[in-house]
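In what follows, a single structure is set out as structure tokens and then discussed.
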Amino acid sequence: MEIKIMKNILDRNQNRANEVRELLAQKKVLMVNIISSPGAGKTTLLEHTCEALGARFRIGVIEGDITTDRDAQRLKKYNIPIVVINTEGGCHLDSHSISKVLGSFDLGNLDVLFVENVGNLICPSQFDLGETFKLAVVSTAEGDDKPGKYPMLFREARAVLLNKIDLIPYTNFSFENFSQDLKRINANVPLFQISCTKGDGMNGWYEWIGGQIEKR
Amino acid sequence: MHELRIAEDLSAIVVEAAKREKLSMVTKVNISFGALVQIVPDIFEFAFRETVRDSVAANAELDLEIIPVKMRCIRCRREFLISENNFACDQCNSTELDIINGKELFIKSIEGE
């Protein structure tokens, strides 16, 4: 006997993500789901972004980490609301964990919520958190082949940050290969070439994300 | 590693449906995954086995269909399959596309008695 089911396997995650998205839209909070490999510079990006935009916007952060609160400790000095989600081995955040911690934020007093996902290019792209959009961060030291290898993330990202461009002379990273690959997958996605530690290109990023927060 | 989480959600759906339909044994689970989701079939099969252990679906065969990535061109309305990650219309070369298939994580049916 065959029983038809015809259902999205991640239904539960999707339903909760839809609820989160609706709540954030009501409260006029932009949620950015930041996805990258470990060590691409997500936390450093957040440090500089809090520094540059903290006076202009009310920023909150959800730190997803397998274990430890080290990333959150680094952001403490900006005096912003931060909640840590330790996944205890889990390779991605899901909408249930986000929904649970949203109550810890005063959403009426927030313009933007940055979610630093667990460092991983595959799994987090599969789980909708209810974010406004995904942001892909990739660093030159990882190689220029990442868009081609992880098309789902680069296809879905609203913007791509290429970090550590100051290291290009010390690597075999080819910007031409990288941008050609990216163009084939997502021709119209804004690409920002930055160095979080040296400051290159950061103003372009601040301007773009500021615009996204304003038009939320 | 997201295979494990997806397998957990799948086996919960399977066990619940089997209970609802009063099946004593699930013999087959028919699922389809889009090519974009990058599920490794062997790892998924392994994860599924672990999550259905000791359940009515412990011996169920997993039938996994991979759905190719299909897009619709917003400009010329053509529907086409994506090959080699080239997300541009193969007729008019536009990059303004809507996705039709490729992101599925879908359970179609279960079989049992």
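Just so we're on the same page: first chain in the structure tokens is A, next is B, and so on; residues restart at 1 for each chain, and ligands are numbered from 1 in the order they show up.
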
Apply DSSP to the structure's backbone, then extract all residues of chain B labelled helix (DSSP H, G or I) and return them as number ranges by chain.
B: 2-20, 35-37, 41-52

Shell of 8 Å around Leu24 (chain A), only C-alpha atoms, local chain residues under 6 positions omitted, as a ChimeraX atom specification:
/A:30-31,107

N, CA and C atoms of the current selection, written as a CSV table (one decimal), in the first residue's frame:
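Generated output (result-v2.csv):
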chain,number,residue,atom,x,y,z
A,30,LEU,N,15.4,44.5,10.3
A,30,LEU,CA,16.1,43.8,9.2
A,30,LEU,C,16.9,42.7,9.9
A,31,MET,N,16.8,41.5,9.4
A,31,MET,CA,17.6,40.4,9.9
A,31,MET,C,18.5,39.9,8.8
A,107,LEU,N,12.6,44.1,20.5
A,107,LEU,CA,12.6,44.2,19.0
A,107,LEU,C,12.1,45.6,18.6

Might you pull out every residue within 12 Å of Asp54 (chain B), with only C-alpha atoms counted and same-chain residues fewer than 5 positions away left off, and present them as a PyMOL selection string?
chain B and resi 11+15+25+49+59-60

Chain B residues near chain A (6 Å cut-off, only C-alpha atoms) as JSON, numbers by chain
{"B": [2, 10, 36, 85, 86, 87, 105, 106, 107, 108, 109, 110, 111, 112]}

Same residues, N, CA and C atoms, saved as a CSV table (one decimal), in the first residue's frame:
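Below is the file that was written, again_30.csv:
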chain,number,residue,atom,x,y,z
B,2,HIS,N,24.4,18.4,7.5
B,2,HIS,CA,23.0,18.7,7.6
B,2,HIS,C,22.2,17.4,7.2
B,10,LEU,N,12.9,13.7,8.4
B,10,LEU,CA,12.2,12.8,7.5
B,10,LEU,C,11.7,11.6,8.3
B,36,LEU,N,20.5,21.4,-6.1
B,36,LEU,CA,21.2,22.5,-5.4
B,36,LEU,C,21.5,22.3,-3.9
B,85,ASN,N,26.5,25.1,-13.5
B,85,ASN,CA,26.3,26.3,-12.7
B,85,ASN,C,26.3,27.6,-13.5
B,86,ASN,N,25.7,27.5,-14.7
B,86,ASN,CA,25.6,28.7,-15.5
B,86,ASN,C,24.2,29.2,-15.5
B,87,PHE,N,24.0,30.2,-14.6
B,87,PHE,CA,22.6,30.7,-14.3
B,87,PHE,C,22.3,31.8,-15.3
B,105,LEU,N,13.4,19.4,-0.9
B,105,LEU,CA,13.7,18.4,0.1
B,105,LEU,C,12.4,17.8,0.4
B,106,PHE,N,12.0,16.8,-0.4
B,106,PHE,CA,10.5,16.5,-0.5
B,106,PHE,C,10.3,15.0,-0.3
B,107,ILE,N,9.3,14.7,0.6
B,107,ILE,CA,8.9,13.3,0.7
B,107,ILE,C,7.6,13.2,-0.1
B,108,LYS,N,7.7,12.2,-1.0
B,108,LYS,CA,6.5,12.0,-1.9
B,108,LYS,C,5.5,11.0,-1.3
B,109,SER,N,6.0,9.9,-0.9
B,109,SER,CA,5.1,8.8,-0.3
B,109,SER,C,5.9,7.8,0.5
B,110,ILE,N,5.1,7.0,1.2
B,110,ILE,CA,5.7,5.9,1.8
B,110,ILE,C,4.9,4.6,1.4
B,111,GLU,N,5.6,3.5,1.4
B,111,GLU,CA,4.9,2.2,1.1
B,111,GLU,C,5.1,1.3,2.3
B,112,GLY,N,4.0,0.5,2.5
B,112,GLY,CA,4.1,-0.4,3.6
B,112,GLY,C,2.9,-1.3,3.7

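Here CA of Lys22 (chain B) stands at a distance of 15.8 Å from CA of Ala58 (chain B).
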